[in-house]
>>> print(open('upload02.txt').read())   # compact mmCIF, C-alpha atoms
# COMPACT_ATOMS: atom_id res chain seq x y z
CA ALA J 1 1.84 -72.78 11.39
CA THR J 2 3.83 -75.88 12.06
CA SER J 3 6.42 -77.17 9.64
CA SER J 4 4.11 -79.97 8.50
CA SER J 5 1.39 -77.64 7.28
CA SER J 6 3.96 -75.31 5.73
CA ALA J 7 5.53 -78.25 3.95
CA ALA J 8 2.12 -79.33 2.69
CA LEU J 9 1.44 -75.89 1.24
CA ALA J 10 4.90 -75.76 -0.32
CA ALA J 11 4.38 -79.20 -1.85
CA ARG J 12 1.14 -78.11 -3.44
CA ALA J 13 2.83 -74.99 -4.71
CA ARG J 14 5.61 -77.05 -6.30
CA ALA J 15 2.99 -79.26 -7.90
CA SER J 16 1.40 -76.28 -9.64
CA ARG J 17 4.31 -74.63 -11.47
CA MET J 18 2.78 -72.20 -13.87
CA GLY J 19 3.26 -71.12 -17.45
CA VAL J 20 5.40 -68.03 -16.82
CA ALA J 21 8.38 -70.32 -16.47
CA GLY J 22 7.28 -73.10 -18.78
CA TYR J 23 5.12 -75.10 -16.40
CA GLY J 24 1.42 -75.87 -16.33
CA GLY J 25 -1.21 -76.97 -13.84
CA GLY J 26 -2.87 -75.37 -10.84
CA VAL J 27 -4.31 -75.86 -7.36
CA GLY J 28 -8.06 -75.69 -6.94
CA ALA J 29 -9.76 -73.48 -4.39
CA GLY J 30 -11.02 -76.52 -2.46
CA GLU J 31 -7.54 -77.99 -2.06
CA LEU J 32 -6.10 -74.61 -1.09
CA ARG J 33 -8.81 -74.09 1.52
CA THR J 34 -8.05 -77.51 3.04
CA VAL J 35 -4.36 -76.68 3.38
CA LEU J 36 -5.11 -73.27 4.88
CA ASP J 37 -7.56 -74.78 7.40
CA VAL J 38 -4.89 -77.26 8.49
CA ALA J 39 -2.35 -74.44 8.83
CA VAL J 40 -4.69 -72.44 11.08
CA ARG J 41 -5.58 -75.45 13.24
CA GLU J 42 -1.93 -76.35 13.75
CA THR J 43 -0.83 -72.90 14.92
CA SER J 44 0.33 -72.68 18.52
CA VAL J 45 -2.40 -70.15 19.41
CA PHE J 46 -5.33 -72.03 17.87
CA GLY J 47 -6.75 -72.81 21.33
CA ASP J 48 -6.93 -69.11 22.21
CA PRO J 49 -10.57 -67.89 22.00
CA LEU J 50 -9.43 -64.80 20.10
CA ALA J 51 -7.81 -67.02 17.48
CA GLN J 52 -11.26 -68.18 16.44
CA ARG J 53 -11.79 -64.73 14.92
CA PHE J 54 -8.96 -65.31 12.47
CA GLU J 55 -9.56 -66.99 9.12
CA LEU J 56 -7.45 -67.90 6.10
CA ALA J 57 -9.41 -68.49 2.92
CA PRO J 58 -8.82 -68.69 -0.85
CA ALA J 59 -9.23 -65.38 -2.63
CA ALA J 60 -9.81 -64.31 -6.21
CA PRO J 61 -6.62 -62.58 -7.45
CA PRO J 62 -6.90 -59.28 -9.34
CA ASP J 63 -5.44 -60.92 -12.45
CA PRO J 64 -8.05 -63.34 -13.87
CA ASP J 65 -5.31 -65.25 -15.74
CA ALA J 66 -3.17 -65.84 -12.65
CA VAL J 67 -2.43 -69.38 -11.44
CA PHE J 68 -1.49 -70.38 -7.91
CA SER J 69 2.21 -71.21 -8.18
CA GLU J 70 5.46 -70.60 -6.38
CA HIS J 71 6.79 -69.30 -9.71
CA SER J 72 4.20 -66.51 -9.76
CA LEU J 73 4.70 -63.19 -8.00
CA GLY J 74 0.94 -63.08 -7.44
CA MET J 75 0.88 -66.29 -5.41
CA VAL J 76 0.00 -64.38 -2.22
CA ASP J 77 -3.08 -62.92 -3.93
CA PHE J 78 -4.73 -66.33 -3.75
CA VAL J 79 -4.89 -66.22 0.06
CA ARG J 80 -6.98 -63.83 2.12
CA GLY J 81 -6.56 -63.40 5.85
CA SER J 82 -9.31 -61.82 7.95
CA TYR J 83 -9.87 -61.04 11.61
CA ARG J 84 -13.27 -60.17 13.06
CA LEU J 85 -13.11 -57.02 15.17
CA GLU J 86 -15.59 -56.12 17.86
CA TRP J 87 -16.79 -52.74 19.07
CA PRO J 88 -15.12 -50.35 19.89
CA VAL J 89 -11.90 -51.58 18.23
CA ALA J 90 -13.68 -51.68 14.87
CA LEU J 91 -14.17 -47.92 15.12
CA LEU J 92 -10.40 -47.38 15.31
CA LEU J 93 -9.62 -49.75 12.43
CA PRO J 94 -12.20 -49.08 9.73
CA ASP J 95 -12.36 -51.18 6.58
CA VAL J 96 -10.30 -48.67 4.59
CA ALA J 97 -7.38 -48.92 7.04
CA ARG J 98 -7.46 -52.72 7.17
CA THR J 99 -7.69 -52.98 3.39
CA ARG J 100 -4.69 -50.72 2.85
CA LEU J 101 -2.59 -52.45 5.49
CA ALA J 102 -3.45 -55.85 3.99
CA ALA J 103 -2.44 -54.64 0.53
CA ALA J 104 0.85 -53.33 1.91
CA GLN J 105 1.55 -56.64 3.62
CA ARG J 106 0.86 -58.58 0.42
CA SER J 107 3.25 -56.28 -1.42
CA ILE J 108 5.99 -56.93 1.14
CA LEU J 109 5.38 -60.68 0.93
CA ARG J 110 5.74 -60.58 -2.86
CA VAL J 111 9.18 -58.98 -2.53
CA ARG J 112 10.25 -61.50 0.12
CA HIS J 113 8.95 -64.32 -2.08
CA ALA J 114 11.24 -63.15 -4.88
CA ARG J 115 14.22 -62.68 -2.55
CA ILE J 116 13.92 -66.20 -1.12
CA ALA J 117 13.56 -67.66 -4.62
CA LEU J 118 16.69 -65.83 -5.75
CA GLN J 119 18.63 -67.20 -2.80
CA GLU J 120 17.69 -70.69 -3.95
CA ALA J 121 18.79 -69.89 -7.50
CA HIS J 122 22.08 -68.49 -6.21
CA ASP J 123 22.68 -71.64 -4.16
CA ARG J 124 22.11 -73.82 -7.23
CA VAL J 125 24.61 -71.78 -9.25
CA HIS J 126 27.09 -72.00 -6.37
CA GLU J 127 26.61 -75.78 -6.18
CA ALA J 128 27.14 -76.10 -9.93
CA GLY J 129 30.46 -74.34 -9.48
CA HIS J 130 31.68 -77.22 -7.32
CA VAL J 131 31.11 -79.75 -10.07
CA ASP J 132 34.35 -81.01 -11.62
CA ALA J 133 34.28 -79.29 -15.00
CA SER J 134 36.42 -82.03 -16.50
CA SER J 135 33.61 -84.53 -15.93
CA LEU J 136 31.40 -82.62 -18.36
CA ALA J 137 33.26 -84.19 -21.26
CA THR J 138 32.06 -87.67 -20.28
CA ARG J 139 28.37 -86.77 -20.05
CA GLU J 140 25.99 -87.45 -22.89
CA GLY J 141 25.22 -84.24 -24.78
CA GLY J 142 27.88 -82.25 -22.85
CA GLU J 143 30.69 -80.14 -24.28
CA ARG J 144 33.97 -82.02 -24.74
CA GLY J 145 37.56 -81.49 -23.78
CA ARG J 146 39.21 -78.20 -22.97
CA ALA J 147 36.70 -76.20 -24.99
CA GLY J 148 33.88 -77.71 -22.95
CA ARG J 149 35.65 -76.89 -19.71
CA ALA J 150 36.25 -73.28 -20.77
CA LEU J 151 32.62 -72.91 -21.85
CA ALA J 152 31.41 -74.27 -18.51
CA LEU J 153 33.58 -71.81 -16.60
CA ARG J 154 32.31 -68.89 -18.73
CA ARG J 155 28.73 -69.95 -18.09
CA LEU J 156 29.42 -70.24 -14.38
CA ARG J 157 30.81 -66.70 -14.22
CA ARG J 158 27.90 -65.38 -16.25
CA LEU J 159 25.26 -67.11 -14.14
CA SER J 160 26.95 -65.89 -10.97
CA LEU J 161 26.86 -62.30 -12.23
CA LEU J 162 23.22 -62.58 -13.28
CA SER J 163 22.28 -64.10 -9.92
CA SER J 164 23.98 -61.22 -8.11
CA GLU J 165 22.25 -58.68 -10.32
CA PHE J 166 18.80 -60.12 -9.62
CA ARG J 167 19.51 -60.37 -5.89
CA HIS J 168 20.79 -56.79 -5.73
CA PHE J 169 17.58 -55.54 -7.32
CA ALA J 170 15.32 -57.50 -4.96
CA SER J 171 17.33 -56.37 -1.93
CA ALA J 172 17.13 -52.73 -3.04
CA VAL J 173 13.34 -52.93 -3.43
CA GLU J 174 12.94 -54.66 -0.07
CA SER J 175 15.17 -52.10 1.63
CA GLN J 176 13.29 -49.15 0.12
CA VAL J 177 9.83 -50.47 0.90
CA GLY J 178 10.77 -51.91 4.28
CA GLY J 179 12.45 -48.70 5.37
CA ALA J 180 9.33 -46.70 4.57
CA VAL J 181 6.77 -49.15 5.97
CA HIS J 182 8.68 -50.10 9.14
CA GLY J 183 10.53 -46.83 9.64
CA ALA J 184 9.05 -43.66 8.21
CA ALA J 185 5.37 -44.64 8.53
CA PRO J 186 5.56 -45.67 12.23
CA ALA J 187 7.60 -42.54 12.99
CA ALA J 188 4.88 -40.40 11.45
CA LEU J 189 2.27 -42.34 13.43
CA HIS J 190 4.08 -41.73 16.73
CA ALA J 191 4.48 -38.05 15.91
CA ALA J 192 0.76 -37.77 15.21
CA LEU J 193 -0.15 -39.50 18.47
CA ARG J 194 2.08 -37.59 20.91
CA ARG J 195 3.07 -33.96 21.32
CA ALA J 196 6.82 -33.38 21.17
CA GLY J 197 8.40 -32.74 24.55
CA THR J 198 5.28 -33.22 26.70
CA ARG J 199 4.38 -36.64 25.23
CA GLU J 200 0.75 -35.75 25.74
CA PRO J 201 -1.70 -37.32 23.29
CA LYS J 202 -2.61 -35.20 20.30
CA PRO J 203 -5.97 -36.76 19.32
CA SER J 204 -8.75 -35.36 21.48
CA ASP J 205 -11.43 -37.90 20.62
CA LEU J 206 -12.01 -41.28 19.06
CA TYR J 207 -12.58 -39.89 15.58
CA GLN J 208 -9.31 -37.99 15.52
CA LEU J 209 -7.53 -41.12 16.70
CA ARG J 210 -9.16 -43.09 13.89
CA ASP J 211 -8.02 -40.49 11.37
CA VAL J 212 -4.43 -40.88 12.61
CA ILE J 213 -4.60 -44.67 12.16
CA VAL J 214 -6.09 -44.33 8.67
CA ALA J 215 -3.30 -41.89 7.77
CA TYR J 216 -0.72 -44.43 8.97
CA ALA J 217 -2.33 -47.18 6.89
CA THR J 218 -2.32 -44.87 3.88
CA ASP J 219 1.38 -44.06 4.38
CA ALA J 220 2.25 -47.78 4.50
CA HIS J 221 0.06 -48.46 1.47
CA ASP J 222 1.57 -45.67 -0.60
CA ALA J 223 5.13 -46.58 0.45
CA CYS J 224 4.57 -49.88 -1.36
CA LEU J 225 3.82 -47.91 -4.55
CA LEU J 226 0.16 -48.95 -4.39
CA SER J 227 -1.42 -45.55 -4.95
CA ALA J 228 -3.07 -44.90 -8.29
CA ARG J 229 -0.46 -42.33 -9.34
CA ASP J 230 2.37 -44.81 -8.70
CA ALA J 231 0.72 -47.61 -10.69
CA PRO J 232 3.17 -47.45 -13.64
CA LEU J 233 6.13 -47.62 -11.26
CA ARG J 234 4.59 -50.53 -9.36
CA SER J 235 3.94 -52.37 -12.62
CA SER J 236 7.60 -52.12 -13.61
CA VAL J 237 8.79 -53.33 -10.21
CA ASP J 238 6.41 -56.30 -10.31
CA GLU J 239 7.50 -57.19 -13.83
CA ALA J 240 11.16 -57.20 -12.78
CA LEU J 241 10.41 -59.31 -9.70
CA GLN J 242 8.47 -61.80 -11.83
CA LEU J 243 11.49 -62.14 -14.10
CA ALA J 244 13.55 -62.90 -11.00
CA LEU J 245 11.17 -65.78 -10.24
CA ASP J 246 11.48 -66.92 -13.86
CA PHE J 247 15.25 -67.01 -13.34
CA ARG J 248 14.83 -69.31 -10.33
CA ALA J 249 12.48 -71.55 -12.33
CA ALA J 250 15.05 -71.82 -15.12
CA MET J 251 17.72 -72.80 -12.60
CA ARG J 252 15.53 -75.71 -11.53
CA ARG J 253 15.28 -77.21 -15.00
CA SER J 254 18.62 -78.97 -14.68
CA PRO J 255 20.33 -80.49 -11.63
CA PRO J 256 23.46 -78.63 -10.51
CA ASP J 257 25.77 -81.27 -12.00
CA ARG J 258 24.27 -80.63 -15.46
CA LEU J 259 23.45 -76.96 -15.18
CA LEU J 260 26.60 -75.70 -16.90
CA SER J 261 26.24 -78.11 -19.83
CA ASP J 262 22.57 -77.44 -20.51
CA GLY J 263 22.52 -75.05 -23.46
CA GLY J 264 18.74 -74.77 -23.39
CA VAL J 265 18.70 -73.52 -19.82
CA TYR J 266 21.52 -71.07 -20.51
CA ALA J 267 19.69 -69.66 -23.54
CA ALA J 268 16.49 -69.30 -21.49
CA VAL J 269 18.40 -67.43 -18.78
CA GLN J 270 19.94 -65.10 -21.35
CA ALA J 271 16.47 -64.28 -22.69
CA ILE J 272 15.14 -63.66 -19.17
CA HIS J 273 18.05 -61.36 -18.40
CA ALA J 274 17.53 -59.38 -21.62
CA ARG J 275 13.93 -58.74 -20.59
CA PHE J 276 15.09 -57.86 -17.08
CA LYS J 277 17.55 -55.29 -18.41
CA ALA J 278 14.88 -53.70 -20.59
CA THR J 279 12.42 -53.63 -17.68
CA THR J 280 14.86 -52.13 -15.19
CA GLY J 281 15.97 -49.58 -17.79
CA ALA J 282 12.38 -48.41 -18.16
CA LEU J 283 12.01 -48.56 -14.38
CA CYS J 284 14.91 -46.14 -13.91
CA GLY J 285 13.14 -43.63 -16.12
CA ARG J 286 9.94 -44.01 -14.14
CA LEU J 287 11.87 -43.68 -10.88
CA ARG J 288 13.24 -40.34 -12.03
CA GLU J 289 9.72 -39.20 -12.89
CA ALA J 290 8.36 -40.44 -9.53
CA ALA J 291 11.16 -38.71 -7.60
CA ALA J 292 10.29 -35.45 -9.29
CA ASP J 293 6.57 -35.84 -8.46
CA PRO J 294 5.90 -34.15 -5.08
CA GLY J 295 2.72 -36.20 -4.66
CA GLY J 296 4.24 -39.60 -5.43
CA ALA J 297 5.71 -42.17 -3.05
CA LEU J 298 9.27 -41.01 -3.84
CA GLY J 299 8.62 -37.30 -4.03
CA GLY J 300 8.17 -36.54 -0.36
CA GLY J 301 4.44 -35.90 -0.55
CA SER J 302 3.17 -39.30 0.63
>>> encode(input="upload02.txt", output="C-alpha cells")
Amino acid sequence: ATSSSSAALAARARASRMGVAGYGGGVGAGELRTVLDVAVRETSVFGDPLAQRFELAPAAPPDPDAVFSEHSLGMVDFVRGSYRLEWPVALLLPDVARTRLAAAQRSILRVRHARIALQEAHDRVHEAGHVDASSLATREGGERGRAGRALALRRLRRLSLLSSEFRHFASAVESQVGGAVHGAAPAALHAALRRAGTREPKPSDLYQLRDVIVAYATDAHDACLLSARDAPLRSSVDEALQLALDFRAAMRRSPPDRLLSDGGVYAAVQAIHARFKATTGALCGRLREAAADPGGALGGGS
C-alpha cells in the first residue's frame, strides 16, 4: 500500500491505545474496513485482474477482550487477508495449508511488531541521553542540583540496559522463528519435491504433491510454536513480547527531554521489567522442557 494509506492505518492505531499500557479506546470494524479498502485500492497492482481476488477485511481475534491497538501484540489478529483460488490450484493449496501458513505469517508479524516498537523505545532513550542533565534542575517537578544530575544519569544507564535486554529477546525470537520458517522448512520442502542427485520430482501425482505442500505448511506453522503441544511455550513468548510493547508505551508517556525526570514513568518501567524477568525465567524452564520433547518444535520432531 502507499504511504498515505499506511499512515492512515497507523494514525488510527495511535488513536486507539489500549489498556495494557494505560490507554483506552478502540477502532470499530467499520472504520477498520474503510482503511483496509483504501489500502488495497492504492496498491500498485490493484489494476491487475488477479488482484481482484485478494481481500483485506476485519477479523474477530481469538481473544474476546482484545482491542485493536498498536500497543497490543494481537493487533494483527484484527485483520484477515484472503485470496480466492481457482481449480486446479485450489487442489494443491487446501484450506488446512492456507490456514496454517496464515497463522505462521501472523506470528512472524507479531514478533516484527514488537521489534519495531522496541527500536522506537530505544531511540527515545537515546534521545533522552542527549538532553543536558543540568537543565533538569530548572524544570518544574524535576530533581535538583548534582543529586538530580546523578539520578538522571543512573536512570539513563538503567533504561539503556533494559532497552537492550528487551531488544535482545525480540531479536532472538525472530532469529529462531525466521530461521526455521525461511530456512529449515523450505529446505525440507525442496528435499521432498526433488530426488537428490537426479533432481527428478518425487511426487508421482497431484495428491502426493498436495501432501508435500501441506507438510511444508505444517512445518512453518509448528516452527512458530503454534502446535497444541507447544501452546505453553507460545504463551510465555507472547507474554514477554507484550511486555516489550508495554515498555515502548511507557517510553511514550513523557517527551525525551522529560523522560529522565519522570519518576512515574521510571517506576512503571521497573514494574514492567520485573514482570518480564519473571516471564522469561519461566520461559527458560519451558524451553528446556520443549528441547527435551522429541515431538515439539525444538526437539527435532517437527
>>> residues_around(input="upload02.txt", residues="J:Leu259", least_positions_apart="3", cutoff="10 Å", atoms="all atoms listed in the file", output="PyMOL selection string")
chain J and resi 124-125+127-129+131+152+155-156+250-256+262-266
>>> closest_atom_pairs(input="upload02.txt", of="stretch 66-149 of chain J", to="stretch 41-54 of chain J", cutoff="8 Å", atoms="only C-alpha atoms", output="CSV")
residue,atom,partner,partner_atom,distance
J:Gly81,CA,J:Phe54,CA,7.3
J:Ser82,CA,J:Phe54,CA,5.7
J:Tyr83,CA,J:Phe54,CA,4.4
J:Arg84,CA,J:Arg53,CA,5.1
J:Leu85,CA,J:Arg53,CA,7.8
>>> atom_distance(input="upload02.txt", atom1="atom CA of J:Asp211", atom2="atom CA of J:Arg229")
22.1 Å
>>> closest_atom_pairs(input="upload02.txt", of="stretch 26-116 of chain J", to="stretch 178-185 of chain J", cutoff="10 Å", atoms="only C-alpha atoms", output="JSON lines")
{"residue": "J:Leu101", "atom": "CA", "partner": "J:Val181", "partner_atom": "CA", "distance": 9.9}
{"residue": "J:Ala104", "atom": "CA", "partner": "J:Val181", "partner_atom": "CA", "distance": 8.3}
{"residue": "J:Gln105", "atom": "CA", "partner": "J:Val181", "partner_atom": "CA", "distance": 9.4}
{"residue": "J:Ile108", "atom": "CA", "partner": "J:Gly178", "partner_atom": "CA", "distance": 7.6}
{"residue": "J:Val111", "atom": "CA", "partner": "J:Gly178", "partner_atom": "CA", "distance": 9.9}
>>> closest_residue(input="upload02.txt", among="J:Ala244, J:Ala292, J:Ala57, J:Cys284", to="J:Ile272", atoms="only C-alpha atoms")
J:Ala244
>>> residues_around(input="upload02.txt", residues="J:Gln119", least_positions_apart="5", cutoff="9 Å", atoms="only C-alpha atoms", output="mmCIF file with C-alpha atoms, keeping the file's coordinate frame")
data_model
loop_
_atom_site.group_PDB
_atom_site.id
_atom_site.type_symbol
_atom_site.label_atom_id
_atom_site.label_comp_id
_atom_site.auth_asym_id
_atom_site.auth_seq_id
_atom_site.Cartn_x
_atom_site.Cartn_y
_atom_site.Cartn_z
ATOM 1 C CA ALA J 114 11.240 -63.150 -4.880
ATOM 2 C CA ARG J 124 22.110 -73.820 -7.230
ATOM 3 C CA SER J 163 22.280 -64.100 -9.920
ATOM 4 C CA ARG J 167 19.510 -60.370 -5.890
ATOM 5 C CA ARG J 248 14.830 -69.310 -10.330
#
>>> residues_around(input="upload02.txt", residues="J:Leu209", least_positions_apart="5", cutoff="10 Å", atoms="only C-alpha atoms", output="JSON list (two decimals) with C-alpha atoms, in the coordinates of the input")
[["chain", "number", "residue", "atom", "x", "y", "z"],
["J", 91, "LEU", "CA", -14.17, -47.92, 15.12],
["J", 92, "LEU", "CA", -10.40, -47.38, 15.31],
["J", 93, "LEU", "CA", -9.62, -49.75, 12.43],
["J", 192, "ALA", "CA", 0.76, -37.77, 15.21],
["J", 193, "LEU", "CA", -0.15, -39.50, 18.47],
["J", 201, "PRO", "CA", -1.70, -37.32, 23.29],
["J", 202, "LYS", "CA", -2.61, -35.20, 20.30],
["J", 203, "PRO", "CA", -5.97, -36.76, 19.32],
["J", 204, "SER", "CA", -8.75, -35.36, 21.48],
["J", 214, "VAL", "CA", -6.09, -44.33, 8.67],
["J", 215, "ALA", "CA", -3.30, -41.89, 7.77]]
>>> atom_distance(input="upload02.txt", atom1="atom CA of J:Glu289", atom2="atom CA of J:Ser175")
20.2 Å
>>> closest_residue(input="upload02.txt", among="J:Ala291, J:Leu241, J:Ala59, J:Ala66", to="J:Phe276", atoms="all atoms listed in the file")
J:Leu241
>>> closest_residue(input="upload02.txt", among="J:Leu245, J:Leu161, J:Ala97, J:Ala220", to="J:Pro186", atoms="all atoms listed in the file")
J:Ala220
>>> atom_distance(input="upload02.txt", atom1="atom CA of J:Arg195", atom2="atom CA of J:Gln208")
14.3 Å
>>> closest_residue(input="upload02.txt", among="J:Arg199, J:Ser107, J:Pro61, J:Ala187", to="J:Leu226", atoms="only C-alpha atoms")
J:Ser107
>>> closest_residue(input="upload02.txt", among="J:Leu189, J:Leu109, J:Ala170, J:Val237", to="J:Leu225", atoms="all atoms listed in the file")
J:Val237
>>> residues_around(input="upload02.txt", residues="J:His273", least_positions_apart="2", cutoff="9 Å", atoms="all atoms listed in the file", output="list of chain:residue names")
J:Leu162, J:Phe166, J:Leu243, J:Ala244, J:Phe247, J:Ala268, J:Val269, J:Gln270, J:Ala271, J:Arg275, J:Phe276, J:Lys277, J:Ala278
